[in-house]
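Everything below belongs to entry_19.cif, which stores mmCIF, C-alpha atoms.
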data_start
#
loop_
_atom_site.label_atom_id
_atom_site.label_comp_id
_atom_site.auth_asym_id
_atom_site.auth_seq_id
_atom_site.Cartn_x
_atom_site.Cartn_y
_atom_site.Cartn_z
CA MET A 272 -133.92 -51.21 -299.12
CA GLU A 273 -136.40 -51.72 -296.31
CA THR A 274 -134.26 -49.69 -293.93
CA LYS A 275 -134.25 -46.61 -296.16
CA SER A 276 -136.61 -43.85 -295.13
CA PRO A 277 -139.95 -44.12 -296.91
CA VAL A 278 -140.49 -41.98 -300.00
CA ILE A 279 -143.72 -40.60 -298.53
CA GLU A 280 -144.68 -40.67 -294.88
CA ILE A 281 -147.87 -39.01 -293.70
CA LYS A 282 -148.78 -39.05 -290.02
CA ASP A 283 -152.06 -37.87 -288.54
CA LEU A 284 -152.45 -35.16 -291.16
CA HIS A 285 -155.21 -32.56 -290.68
CA ARG A 286 -156.25 -29.79 -293.04
CA ARG A 287 -159.52 -27.90 -292.89
CA TYR A 288 -161.16 -25.41 -295.20
CA GLY A 289 -163.29 -23.24 -292.92
CA ARG A 290 -165.55 -25.74 -291.19
CA LEU A 291 -164.82 -28.60 -293.54
CA ASP A 292 -162.27 -31.21 -292.43
CA ALA A 293 -160.81 -32.01 -295.85
CA VAL A 294 -158.09 -34.24 -294.38
CA ASN A 295 -158.87 -35.52 -290.93
CA GLY A 296 -156.14 -37.62 -289.34
CA LEU A 297 -154.69 -39.41 -292.36
CA SER A 298 -151.60 -41.60 -292.08
CA LEU A 299 -149.87 -43.58 -294.81
CA THR A 300 -146.42 -44.76 -295.85
CA VAL A 301 -145.10 -45.29 -299.37
CA ARG A 302 -141.93 -47.33 -299.68
CA ALA A 303 -139.36 -46.81 -302.45
CA GLY A 304 -139.93 -48.64 -305.71
CA LYS A 305 -143.64 -49.17 -305.16
CA CYS A 306 -146.60 -48.06 -307.18
CA TYR A 307 -149.04 -46.76 -304.60
CA GLY A 308 -152.71 -46.14 -305.34
CA PHE A 309 -154.55 -43.40 -303.48
CA PHE A 310 -158.24 -44.03 -304.05
CA GLY A 311 -161.18 -41.96 -302.94
CA ARG A 312 -164.44 -40.48 -304.11
CA ASN A 313 -164.67 -36.88 -305.28
CA GLY A 314 -164.05 -34.66 -302.27
CA ALA A 315 -162.53 -37.44 -300.13
CA GLY A 316 -159.37 -35.38 -299.55
CA LYS A 317 -156.98 -36.78 -302.16
CA THR A 318 -155.90 -33.54 -303.79
CA THR A 319 -155.62 -31.72 -300.44
CA THR A 320 -153.27 -34.46 -299.22
CA ILE A 321 -151.15 -34.23 -302.36
CA LYS A 322 -150.99 -30.44 -302.06
CA CYS A 323 -149.64 -30.84 -298.51
CA LEU A 324 -146.91 -33.14 -299.87
CA LEU A 325 -145.93 -30.52 -302.44
CA ASN A 326 -146.10 -27.56 -300.05
CA LEU A 327 -148.91 -26.04 -302.06
CA LEU A 328 -150.95 -26.13 -298.83
CA ARG A 329 -149.86 -26.05 -295.21
CA PRO A 330 -151.20 -28.78 -292.95
CA ASP A 331 -153.05 -27.59 -289.82
CA SER A 332 -151.44 -30.39 -287.85
CA GLY A 333 -149.68 -33.69 -288.35
CA THR A 334 -146.68 -34.31 -290.56
CA ALA A 335 -146.02 -34.96 -294.22
CA ARG A 336 -142.54 -36.13 -295.15
CA VAL A 337 -141.17 -36.71 -298.63
CA PHE A 338 -137.81 -38.53 -298.88
CA GLY A 339 -137.71 -38.06 -295.10
CA LEU A 340 -137.76 -34.27 -295.50
CA ASP A 341 -140.33 -31.67 -294.52
CA PRO A 342 -141.55 -30.14 -297.80
CA ARG A 343 -142.16 -26.82 -296.01
CA LYS A 344 -138.54 -26.48 -294.95
CA HIS A 345 -136.82 -28.24 -297.83
CA GLU A 346 -139.05 -27.34 -300.72
CA VAL A 347 -136.35 -27.29 -303.41
CA ALA A 348 -134.67 -30.48 -302.19
CA VAL A 349 -138.02 -32.28 -302.26
CA LYS A 350 -139.31 -30.86 -305.54
CA SER A 351 -136.08 -31.47 -307.43
CA ARG A 352 -136.50 -35.20 -306.81
CA LEU A 353 -140.16 -35.53 -307.81
CA ALA A 354 -142.50 -34.67 -310.65
CA TYR A 355 -146.19 -33.91 -310.46
CA VAL A 356 -148.94 -34.28 -313.04
CA PRO A 357 -152.12 -32.61 -311.83
CA ASP A 358 -155.66 -33.24 -312.97
CA ALA A 359 -155.91 -30.07 -315.06
CA VAL A 360 -152.59 -29.06 -316.60
CA ALA A 361 -151.91 -25.49 -317.62
CA PHE A 362 -149.08 -24.22 -319.79
CA TYR A 363 -148.20 -20.77 -321.04
CA PRO A 364 -150.48 -20.55 -324.08
CA TRP A 365 -148.00 -18.67 -326.27
CA MET A 366 -145.24 -21.25 -325.83
CA THR A 367 -144.77 -24.07 -328.33
CA VAL A 368 -144.44 -27.73 -327.29
CA ARG A 369 -140.68 -27.45 -327.80
CA GLY A 370 -140.54 -24.13 -325.89
CA THR A 371 -142.56 -25.59 -323.00
CA LEU A 372 -140.25 -28.60 -322.67
CA GLU A 373 -137.16 -26.36 -322.81
CA TYR A 374 -138.72 -24.16 -320.14
CA LEU A 375 -139.48 -27.16 -317.91
CA ALA A 376 -136.00 -28.61 -318.49
CA SER A 377 -134.42 -25.32 -317.40
CA PHE A 378 -135.58 -26.04 -313.83
CA ARG A 379 -134.04 -29.52 -313.80
CA GLN A 380 -130.50 -30.74 -313.20
CA HIS A 381 -131.10 -33.75 -315.39
CA TRP A 382 -133.19 -34.17 -318.53
CA ASN A 383 -133.23 -37.31 -320.65
CA GLN A 384 -133.33 -36.14 -324.30
CA ASP A 385 -133.78 -39.67 -325.64
CA ILE A 386 -136.95 -40.20 -323.63
CA GLU A 387 -138.19 -36.79 -324.75
CA ALA A 388 -137.68 -37.57 -328.45
CA ASP A 389 -139.12 -41.04 -328.00
CA LEU A 390 -142.31 -39.81 -326.29
CA LEU A 391 -142.87 -36.88 -328.65
CA LYS A 392 -142.84 -39.41 -331.47
CA ARG A 393 -145.02 -41.89 -329.63
CA PHE A 394 -147.66 -39.26 -328.83
CA GLN A 395 -147.28 -37.67 -332.28
CA LEU A 396 -146.91 -34.22 -330.75
CA ASP A 397 -145.71 -31.48 -333.11
CA PRO A 398 -142.87 -29.59 -331.37
CA GLY A 399 -143.88 -26.40 -333.20
CA GLN A 400 -147.49 -26.49 -332.04
CA LYS A 401 -148.59 -23.77 -329.60
CA ALA A 402 -149.72 -24.99 -326.18
CA SER A 403 -152.99 -23.07 -326.55
CA HIS A 404 -153.81 -25.20 -329.61
CA LEU A 405 -153.37 -28.54 -327.84
CA SER A 406 -156.33 -30.74 -326.90
CA LYS A 407 -156.83 -31.82 -323.27
CA GLY A 408 -155.29 -35.20 -324.08
CA GLN A 409 -152.26 -33.60 -325.75
CA LYS A 410 -151.76 -31.25 -322.79
CA THR A 411 -151.71 -34.25 -320.44
CA GLN A 412 -149.24 -36.01 -322.74
CA LEU A 413 -147.02 -32.93 -322.72
CA ALA A 414 -147.22 -32.80 -318.91
CA LEU A 415 -146.27 -36.48 -318.73
CA ILE A 416 -143.23 -35.93 -320.96
CA GLY A 417 -142.25 -33.03 -318.72
CA ALA A 418 -142.62 -35.27 -315.67
CA ILE A 419 -140.73 -38.30 -316.97
CA CYS A 420 -137.73 -36.69 -318.73
CA PRO A 421 -136.10 -35.51 -315.47
CA GLU A 422 -136.28 -39.19 -314.35
CA PRO A 423 -137.46 -38.25 -310.86
CA GLU A 424 -137.43 -40.67 -307.93
CA LEU A 425 -141.10 -39.99 -307.30
CA LEU A 426 -143.91 -39.45 -309.78
CA VAL A 427 -147.05 -37.93 -308.25
CA LEU A 428 -150.13 -38.28 -310.43
CA ASP A 429 -153.40 -36.63 -309.37
CA GLU A 430 -156.37 -37.99 -311.35
CA PRO A 431 -154.11 -38.05 -314.40
CA THR A 432 -156.45 -39.84 -316.79
CA SER A 433 -159.87 -38.42 -315.94
CA GLY A 434 -161.51 -36.75 -318.90
CA LEU A 435 -159.21 -38.41 -321.43
CA ASP A 436 -160.29 -40.73 -324.22
CA PRO A 437 -159.58 -44.48 -323.85
CA ILE A 438 -156.64 -44.52 -326.27
CA VAL A 439 -154.88 -41.63 -324.54
CA ARG A 440 -155.56 -43.20 -321.11
CA ARG A 441 -154.07 -46.48 -322.28
CA GLU A 442 -150.98 -44.78 -323.72
CA PHE A 443 -150.58 -42.79 -320.53
CA ILE A 444 -150.44 -45.90 -318.37
CA GLU A 445 -148.17 -47.76 -320.79
CA THR A 446 -145.81 -44.79 -320.71
CA VAL A 447 -145.70 -44.78 -316.91
CA ILE A 448 -144.89 -48.51 -317.00
CA GLY A 449 -142.48 -48.39 -319.91
CA ALA A 450 -140.67 -45.08 -320.00
CA TYR A 451 -140.79 -44.24 -316.29
CA GLN A 452 -140.43 -47.59 -314.57
CA THR A 453 -137.61 -48.82 -316.80
CA GLY A 454 -134.85 -47.05 -314.90
CA ASP A 455 -133.41 -48.19 -311.57
CA PRO A 456 -136.51 -49.85 -310.05
CA ALA A 457 -135.61 -48.96 -306.46
CA ARG A 458 -135.61 -45.29 -307.44
CA ARG A 459 -138.89 -45.22 -309.30
CA THR A 460 -141.87 -44.68 -307.04
CA VAL A 461 -145.36 -43.81 -308.28
CA PHE A 462 -148.06 -42.23 -306.14
CA VAL A 463 -151.29 -42.08 -308.12
CA SER A 464 -154.61 -40.70 -306.97
CA THR A 465 -157.55 -41.81 -309.05
CA HIS A 466 -161.07 -43.07 -309.09
CA LEU A 467 -160.56 -44.79 -312.44
CA ILE A 468 -159.24 -47.74 -310.50
CA SER A 469 -159.64 -50.55 -313.02
CA GLU A 470 -157.20 -48.93 -315.44
CA PHE A 471 -154.44 -48.94 -312.86
CA GLU A 472 -155.28 -52.40 -311.49
CA GLY A 473 -152.13 -54.10 -312.81
CA LEU A 474 -149.86 -51.28 -311.77
CA ILE A 475 -150.85 -50.97 -308.11
CA ASP A 476 -148.66 -52.70 -305.51
CA GLU A 477 -150.38 -51.22 -302.50
CA PHE A 478 -153.20 -48.75 -301.92
CA THR A 479 -155.04 -46.59 -299.44
CA ILE A 480 -158.73 -45.83 -299.76
CA ILE A 481 -159.56 -42.46 -298.25
CA GLU A 482 -163.06 -41.30 -297.26
CA GLN A 483 -163.93 -38.01 -295.56
CA GLY A 484 -160.27 -37.30 -295.00
CA ARG A 485 -159.64 -40.57 -293.19
CA GLU A 486 -158.12 -43.88 -294.16
CA LEU A 487 -160.76 -46.49 -294.90
CA LEU A 488 -158.53 -49.36 -296.00
CA THR A 489 -154.81 -49.82 -296.67
CA MET A 490 -153.65 -53.09 -298.21
CA GLU A 491 -151.33 -54.68 -300.71
CA ALA A 492 -153.25 -55.33 -303.92
CA ASP A 493 -152.57 -59.08 -304.00
CA ALA A 494 -153.56 -59.44 -300.36
CA ALA A 495 -156.77 -57.49 -300.96
CA ARG A 496 -157.73 -59.67 -303.92
CA ASP A 497 -157.05 -62.69 -301.75
CA ARG A 498 -159.17 -61.37 -298.90
CA PHE A 499 -162.24 -60.19 -300.81
CA GLN A 500 -163.67 -62.99 -302.90
CA LYS A 501 -167.01 -63.73 -304.45
CA ILE A 502 -168.18 -67.34 -304.20
CA ARG A 503 -170.99 -68.65 -306.39
CA ALA A 504 -172.61 -72.03 -305.79
CA ARG A 505 -175.48 -73.78 -307.51
CA PHE A 506 -177.35 -76.68 -305.92
CA ALA A 507 -179.73 -79.34 -307.19
CA GLN A 508 -182.37 -78.07 -304.77
CA PRO A 509 -182.78 -74.54 -303.39
CA PRO A 510 -180.66 -74.64 -300.23
CA ALA A 511 -182.42 -74.26 -296.90
CA GLN A 512 -181.88 -71.01 -295.06
CA LEU A 513 -178.16 -71.04 -294.37
CA ASP A 514 -176.11 -68.76 -292.27
CA PHE A 515 -172.50 -68.09 -293.16
CA PRO A 516 -170.80 -66.43 -290.25
CA GLY A 517 -168.19 -63.92 -291.29
CA ALA A 518 -169.53 -63.51 -294.83
CA LEU A 519 -169.97 -59.88 -295.86
CA ASN A 520 -173.04 -60.53 -297.92
CA VAL A 521 -175.14 -63.55 -298.87
CA LYS A 522 -177.51 -63.42 -301.82
CA GLN A 523 -179.79 -66.25 -302.80
CA GLY A 524 -181.62 -66.61 -306.09
CA GLY A 525 -183.46 -69.92 -306.38
CA ARG A 526 -180.85 -72.69 -306.43
CA GLU A 527 -177.96 -70.26 -306.56
CA LEU A 528 -176.02 -68.61 -303.78
CA GLU A 529 -173.58 -65.72 -303.99
CA ILE A 530 -171.42 -65.10 -300.96
CA LEU A 531 -168.97 -62.29 -300.41
CA ALA A 532 -166.03 -63.56 -298.37
CA ASN A 533 -163.90 -61.32 -296.20
CA GLY A 534 -160.69 -63.25 -295.69
CA ASN A 535 -162.55 -66.48 -294.99
CA SER A 536 -163.15 -67.96 -298.43
CA GLU A 537 -161.37 -71.24 -297.50
CA PRO A 538 -163.76 -72.30 -294.70
CA LEU A 539 -166.74 -71.01 -296.67
CA LEU A 540 -165.69 -73.07 -299.70
CA GLU A 541 -165.17 -76.17 -297.50
CA ARG A 542 -168.62 -75.69 -296.03
CA LEU A 543 -170.24 -75.29 -299.45
CA LYS A 544 -168.38 -78.32 -300.85
CA SER A 545 -169.83 -80.45 -298.06
CA LEU A 546 -173.30 -79.54 -299.36
CA SER A 547 -172.43 -81.16 -302.73
CA PRO A 548 -173.05 -78.25 -305.06
CA GLU A 549 -173.58 -78.80 -308.78
CA GLU A 550 -171.28 -75.92 -309.44
CA LEU A 551 -168.91 -73.97 -307.25
CA ARG A 552 -166.88 -71.00 -308.36
CA CYS A 553 -164.75 -68.50 -306.54
CA GLU A 554 -163.32 -65.30 -307.92
CA SER A 555 -161.50 -62.31 -306.49
CA LEU A 556 -163.05 -58.89 -306.41
CA SER A 557 -161.28 -56.31 -308.54
CA LEU A 558 -159.75 -53.31 -306.79
CA GLU A 559 -162.69 -51.26 -308.04
CA GLU A 560 -165.17 -53.67 -306.46
CA ILE A 561 -163.10 -53.66 -303.27
CA PHE A 562 -163.33 -49.87 -303.31
CA VAL A 563 -167.14 -50.08 -303.45
CA VAL A 564 -167.30 -52.82 -300.81
CA SER A 565 -165.10 -50.86 -298.40
CA HIS A 566 -167.58 -47.96 -298.56
CA LEU A 567 -170.52 -50.32 -297.97
CA LEU A 568 -168.69 -51.82 -295.00
CA LYS A 569 -168.22 -48.41 -293.50
CA LYS A 570 -171.89 -47.57 -293.95
CA ALA A 571 -172.85 -50.85 -292.30
CA GLY A 572 -170.40 -50.06 -289.50
CA VAL A 573 -168.45 -53.33 -289.92
CA MET B 106 -145.05 -66.97 -325.87
CA MET B 107 -148.32 -65.23 -325.05
CA PHE B 108 -149.51 -64.51 -321.56
CA GLN B 109 -153.00 -63.97 -320.26
CA ILE B 110 -153.69 -62.54 -316.84
CA ASP B 111 -156.87 -62.50 -314.84
CA PHE B 112 -157.17 -60.28 -311.79
CA LYS B 113 -160.22 -62.26 -310.67
CA SER B 114 -158.50 -65.63 -310.49
CA GLY B 115 -157.57 -65.09 -306.85
CA LYS B 116 -153.95 -65.90 -307.67
CA PRO B 117 -151.28 -63.19 -307.47
CA VAL B 118 -150.43 -61.96 -310.95
CA TYR B 119 -146.76 -62.94 -310.70
CA LEU B 120 -147.75 -66.54 -309.87
CA GLN B 121 -150.09 -66.62 -312.86
CA LEU B 122 -147.12 -65.75 -315.06
CA VAL B 123 -144.97 -68.39 -313.34
CA ASP B 124 -147.64 -71.06 -313.90
CA GLN B 125 -148.09 -70.11 -317.54
CA VAL B 126 -144.37 -70.46 -318.27
CA ARG B 127 -144.29 -73.82 -316.49
CA TYR B 128 -147.37 -74.94 -318.42
CA ALA B 129 -145.88 -73.80 -321.73
CA ALA B 130 -142.67 -75.67 -320.91
CA ALA B 131 -144.58 -78.87 -320.04
CA ALA B 132 -146.72 -78.60 -323.18
CA GLY B 133 -143.70 -77.93 -325.39
CA SER B 134 -144.93 -74.59 -326.65
CA LEU B 135 -141.82 -73.13 -325.06
CA ARG B 136 -138.68 -75.16 -325.70
CA PRO B 137 -135.33 -75.20 -323.92
CA GLY B 138 -133.15 -72.37 -325.18
CA GLU B 139 -136.12 -70.30 -326.34
CA SER B 140 -136.33 -66.79 -324.95
CA LEU B 141 -139.04 -65.24 -322.82
CA PRO B 142 -140.32 -61.77 -323.67
CA SER B 143 -138.25 -59.03 -322.12
CA ILE B 144 -139.66 -57.25 -319.12
CA ARG B 145 -140.51 -53.80 -320.42
CA PRO B 146 -142.57 -54.68 -323.53
CA LEU B 147 -144.35 -57.45 -321.64
CA ALA B 148 -145.22 -55.11 -318.76
CA GLU B 149 -146.53 -52.52 -321.21
CA GLU B 150 -148.53 -55.08 -323.14
CA LEU B 151 -150.15 -56.62 -320.06
CA ARG B 152 -150.31 -53.20 -318.40
CA VAL B 153 -148.90 -54.50 -315.15
CA ASN B 154 -146.17 -53.16 -312.95
CA ARG B 155 -142.75 -54.16 -314.26
CA ASN B 156 -141.87 -55.29 -310.73
CA THR B 157 -144.51 -58.00 -311.16
CA ILE B 158 -142.83 -59.40 -314.27
CA ALA B 159 -139.40 -59.16 -312.63
CA LYS B 160 -140.76 -61.03 -309.60
CA ALA B 161 -142.21 -63.79 -311.81
CA TYR B 162 -138.92 -64.21 -313.68
CA ALA B 163 -136.95 -64.23 -310.43
CA GLU B 164 -139.25 -66.95 -309.10
CA LEU B 165 -138.86 -69.02 -312.29
CA GLU B 166 -135.10 -68.64 -312.04
CA SER B 167 -135.04 -69.78 -308.42
CA GLN B 168 -137.14 -72.79 -309.43
CA GLY B 169 -134.55 -73.59 -312.09
CA VAL B 170 -137.05 -73.25 -314.95
CA ILE B 171 -135.34 -70.36 -316.71
CA GLU B 172 -131.92 -68.76 -316.71
CA THR B 173 -130.96 -65.14 -317.17
CA LEU B 174 -128.05 -64.32 -319.41
CA PRO B 175 -126.94 -60.76 -318.62
CA GLY B 176 -127.61 -58.43 -321.52
CA LYS B 177 -129.39 -61.14 -323.47
CA GLY B 178 -132.56 -61.92 -321.56
CA CYS B 179 -134.27 -64.93 -320.02
CA PHE B 180 -134.26 -68.40 -321.57
CA LEU B 181 -135.99 -71.68 -320.80
CA LYS B 182 -133.55 -74.18 -319.32
CA GLU B 183 -133.20 -77.88 -320.10
CA ASN B 184 -135.61 -79.74 -317.90
CA ASN B 185 -133.34 -80.93 -315.14
CA SER B 186 -135.17 -80.14 -311.96
CA PRO B 187 -132.86 -79.28 -309.07
CA PHE B 188 -135.25 -80.93 -306.56
CA THR B 189 -134.57 -84.29 -304.94
CA ARG B 190 -137.06 -87.09 -305.50
CA GLN B 191 -138.61 -86.62 -302.06
CA VAL B 192 -139.18 -82.93 -302.63
CA LYS B 193 -140.59 -83.64 -306.07
CA ASN B 194 -143.00 -86.18 -304.63
CA LYS B 195 -144.05 -83.87 -301.87
CA LEU B 196 -144.74 -80.99 -304.26
CA LEU B 197 -146.70 -83.25 -306.56
CA LEU B 198 -148.67 -84.93 -303.76
CA THR B 199 -150.14 -81.64 -302.57
CA GLU B 200 -151.47 -80.96 -306.05
CA ILE B 201 -152.74 -84.52 -306.50
CA ASP B 202 -154.49 -84.47 -303.13
CA GLU B 203 -156.31 -81.32 -304.13
CA ALA B 204 -157.55 -82.95 -307.33
CA VAL B 205 -158.58 -86.08 -305.41
CA VAL B 206 -160.60 -84.01 -302.93
CA MET B 207 -162.20 -82.10 -305.78
CA ALA B 208 -163.06 -85.38 -307.57
CA HIS B 209 -164.68 -86.66 -304.39
CA HIS B 210 -166.93 -83.62 -304.09
CA LEU B 211 -167.84 -83.75 -307.74
CA GLN B 212 -168.61 -87.48 -307.37
CA VAL B 213 -166.08 -88.56 -309.96
CA ASP B 214 -165.20 -92.16 -309.14
CA ARG B 215 -161.77 -93.78 -309.09
CA GLU B 216 -161.86 -95.23 -312.62
CA LYS B 217 -163.07 -92.02 -314.19
CA PHE B 218 -160.48 -90.01 -312.27
CA LEU B 219 -157.62 -92.29 -313.34
CA ALA B 220 -158.86 -92.24 -316.93
CA LEU B 221 -158.86 -88.46 -316.83
CA VAL B 222 -155.30 -88.33 -315.48
CA LYS B 223 -154.18 -90.66 -318.24
CA GLU B 224 -155.99 -88.60 -320.84
CA ARG B 225 -154.21 -85.41 -319.65
CA LEU B 226 -150.81 -87.14 -319.65
CA ASP B 227 -151.45 -88.26 -323.23
CA TYR B 228 -152.59 -84.78 -324.13
CA PHE B 229 -149.35 -83.18 -322.92
CA ASP B 230 -147.31 -85.91 -324.63
CA ARG B 231 -149.05 -85.28 -327.92
CA LYS B 232 -148.74 -81.53 -327.59
CA SER B 233 -145.10 -81.73 -326.72
CA LYS B 234 -144.37 -84.07 -329.68
CA GLY B 235 -146.43 -81.90 -332.00
CA ASN B 236 -144.24 -78.98 -331.09
CA ASP B 237 -140.96 -80.77 -331.74
#
Write-out of the structure in structure tokens:
Amino acid sequence: METKSPVIEIKDLHRRYGRLDAVNGLSLTVRAGKCYGFFGRNGAGKTTTIKCLLNLLRPDSGTARVFGLDPRKHEVAVKSRLAYVPDAVAFYPWMTVRGTLEYLASFRQHWNQDIEADLLKRFQLDPGQKASHLSKGQKTQLALIGAICPEPELLVLDEPTSGLDPIVRREFIETVIGAYQTGDPARRTVFVSTHLISEFEGLIDEFTIIEQGRELLTMEADAARDRFQKIRARFAQPPAQLDFPGALNVKQGGRELEILANGNSEPLLERLKSLSPEELRCESLSLEEIFVVSHLLKKAGV
Amino acid sequence: MMFQIDFKSGKPVYLQLVDQVRYAAAAGSLRPGESLPSIRPLAEELRVNRNTIAKAYAELESQGVIETLPGKGCFLKENNSPFTRQVKNKLLLTEIDEAVVMAHHLQVDREKFLALVKERLDYFDRKSKGND
């Protein structure tokens, strides 16, 4: 599996809009079977990158490969193996739900009718309803059905849950886990761009944080949660001025200390234990907190 | 059985699931022959990647805690650990050492520590009997 060509491979990608460098030397690799998070603030270059993968935009320089192919030269070969759910979905307003799905299916070699029936029921979508009468949440649900029924090898989601209510967001993620991931796991890859990171926390195997068109941090989720930890200690007496080399941040409030560890929580914990704390706790940062910390680190030039 | 995951625990999610099955087996809330939840509904319920659940179950299987019957699911095995006595001791010693070090830093003395160990052993015994 490791020897297969990656599902997505981006190398030194550049794309500008006029004077703005939207994507400025980005590289990343998504291996088959993974759920890859692509995190960035608004305007960080996420959608531009995705558009280069789908040949909706041409890169100025660098390469984007999907299934080892150049999407500019092999557009049909690439697109027939993936599905894309954009942030704002648009359907022909006069078509019904049923008509829209039939239309989408007509472009596909394979369409799983059982999944379609199952998801229509789950989302309580009326097949006779006109697309123009659907709410934003229902339009996203319809787009998700259209993306999952062809059982593509790659599912590209661009801010799929922003602007949706909590119930719809929850159902969306459960559907990606349940209906999409259930097939052959080695042939089910998810590439999701979002800034609603906490919702996808459990789904993400690996992620890249992008800022100003460049990679800020790429890590496996478990490794990141192991590296960035928050240690809290409480002492009987306010501790004397202590320095903790390698700590990202040290906060002191009376008898309590809060230390942000960057891959060095073990030695920091040992050191704190030797000071006989009344209480000592250590917890991992969530991916969302790691996202914030990585931007602070960049500002501080660490 | 019910699972609870905590992204802040600092432990990879799949290992949290492994530990919870082992705990449930030791406490008797999961008995030999009983089935574990199947992967898809559990992944949906916990909202974690199904690969994570599959990895946890694969780990439990390699540890000899559960067995997979094709088409039927995963079941808790009879408790006959495949490890030799030396390996068992070694695995246990690491954990015990950690507790001993912790007790030292928390200034829990020998008698109190031993009393606590005994209390926990009794607790699991009671729990396990209560579940029979």
Subject >> Neighbours of chain A in chain B at 6 Å, counting only C-alpha atoms, as a PyMOL selection string >> reply: chain B and resi 113-115+117+145+149+152-154
Limited to C-alpha atoms, could you put the picked residues into a file as a compact mmCIF listing (two decimals), in the coordinates of the input?
# COMPACT_ATOMS: atom_id res chain seq x y z
CA LYS B 113 -160.22 -62.26 -310.67
CA SER B 114 -158.50 -65.63 -310.49
CA GLY B 115 -157.57 -65.09 -306.85
CA PRO B 117 -151.28 -63.19 -307.47
CA ARG B 145 -140.51 -53.80 -320.42
CA GLU B 149 -146.53 -52.52 -321.21
CA ARG B 152 -150.31 -53.20 -318.40
CA VAL B 153 -148.90 -54.50 -315.15
CA ASN B 154 -146.17 -53.16 -312.95
Original post:
Using all atoms listed in the file, which residues sit within 10 Å of A:Leu513 once same-chain residues fewer than 3 positions away are excluded, as a ChimeraX atom specification?
Top reply: /A:510,516,521,523,528
Subject >> Residues matched by the PyMOL selection byres ((chain A and resi 343) around 9), written as a PyMOL selection string >> reply: chain A and resi 323-326+329+340-342+344-346
Subject >> All residues 10 Å or closer to B:Ala131, all atoms listed in the file, same chain fewer than 2 positions away omitted, as a ChimeraX atom specification >> reply: /B:125-129,133-136,184,229-230,232-233
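Interatomic distance, atom CA of A:Pro431 to atom CA of A:Ser565: 23.3 Å.
A search radius of 8 Å centred on (-133.4, -68.6, -323.5), applied to all atoms listed in the file, returns the residues Pro137, Gly138, Glu139, Ser140, Leu141, Ile171, Glu172, Thr173, Leu174, Gly178, Cys179, Phe180, Leu181 and Lys182 of chain B.
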Original post:
For A:Gly311, which residue out of A:Thr479, A:Asn520, A:Thr367, A:Gln508 is the nearest one, using all atoms listed in the file?
Top reply: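 Once distances to A:Gly311 are computed over all atoms listed in the file, the minimum belongs to A:Thr479.
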Centre and edge lengths, as lines of an AutoDock Vina configuration file, for the axis-aligned box enclosing every listed atom of stretch 108-111 of chain B with 6 Å of padding on each of the six sides, in Å to one decimal?
center_x = -153.2
center_y = -63.5
center_z = -318.2
size_x = 19.4
size_y = 14.0
size_z = 18.7
**OP:** Tell me which of A:Gly517, A:Gly417, A:Pro398, A:Gly308 sits closest to A:Phe378, counting only C-alpha atoms.
**Re:** A:Gly417
Subject >> Length of the atom CA of A:Leu372 to atom CA of A:Ala414 vector [Å] >> reply: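 Atom CA of A:Ala414 lies at a distance of 9.0 Å from atom CA of A:Leu372.
Here atom CA of A:Thr371 stands at a distance of 22.7 Å from atom CA of A:Ser433.
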**OP:** Name the residues captured by the PyMOL selection byres ((chain A and resi 461-466) around 7) when it is applied to the shown file; answer as a PyMOL selection string.
**Re:** chain A and resi 305-312+317+425-430+459-460+467-468
Original post:
Which of these, A:Leu540, A:Ala402, A:Ile321, A:Leu284, has the shortest distance to A:Gly484 once you count all atoms listed in the file?
Top reply: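 Nearest candidate to A:Gly484 out of A:Leu540, A:Ala402, A:Ile321, A:Leu284: A:Leu284.
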Subject >> Selection as JSON, numbers by chain: residues within 10 Å of (-138.0, -47.8, -295.7), counting all atoms listed in the file >> reply: {"A": [272, 273, 274, 275, 276, 277, 278, 279, 280, 300, 301, 302, 303, 338, 339]}
Subject >> Residue neighbourhood stretch 199-205 of chain B, 10 Å, all atoms listed in the file, exclusion window fewer than 4 positions, as a ChimeraX atom specification >> reply: /B:194-195,209-211,213-215,218
Original post:
Which of these, A:Ala348, A:Asn295, A:Lys392, A:Tyr355, has the shortest distance to A:Leu327 once you count all atoms listed in the file?
Top reply: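 Checking each candidate against A:Leu327, we get A:Tyr355 as the closest.
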Taking 6 positions as the minimum chain separation for residues in the same chain, which residues sit within 9 Å of B:Gln121 when counting all atoms listed in the file? Answer as a PDB file with C-alpha atoms, keeping the file's coordinate frame.
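Below is the file that was written, out_23.pdb:
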ATOM      1  CA  PHE B 108    -149.510 -64.510-321.560  1.00  0.00           C
ATOM      2  CA  GLN B 109    -153.000 -63.970-320.260  1.00  0.00           C
ATOM      3  CA  ILE B 110    -153.690 -62.540-316.840  1.00  0.00           C
ATOM      4  CA  ASP B 111    -156.870 -62.500-314.840  1.00  0.00           C
ATOM      5  CA  SER B 114    -158.500 -65.630-310.490  1.00  0.00           C
ATOM      6  CA  ALA B 161    -142.210 -63.790-311.810  1.00  0.00           C
TER       7      ALA B 161
END
**OP:** Using all atoms listed in the file, pick whichever of B:Leu196, B:Val118, B:Ala163, B:Ala132 has the shortest atom-to-atom distance to B:Arg231.
**Re:**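 Closest residue, counting all atoms listed in the file: B:Ala132.
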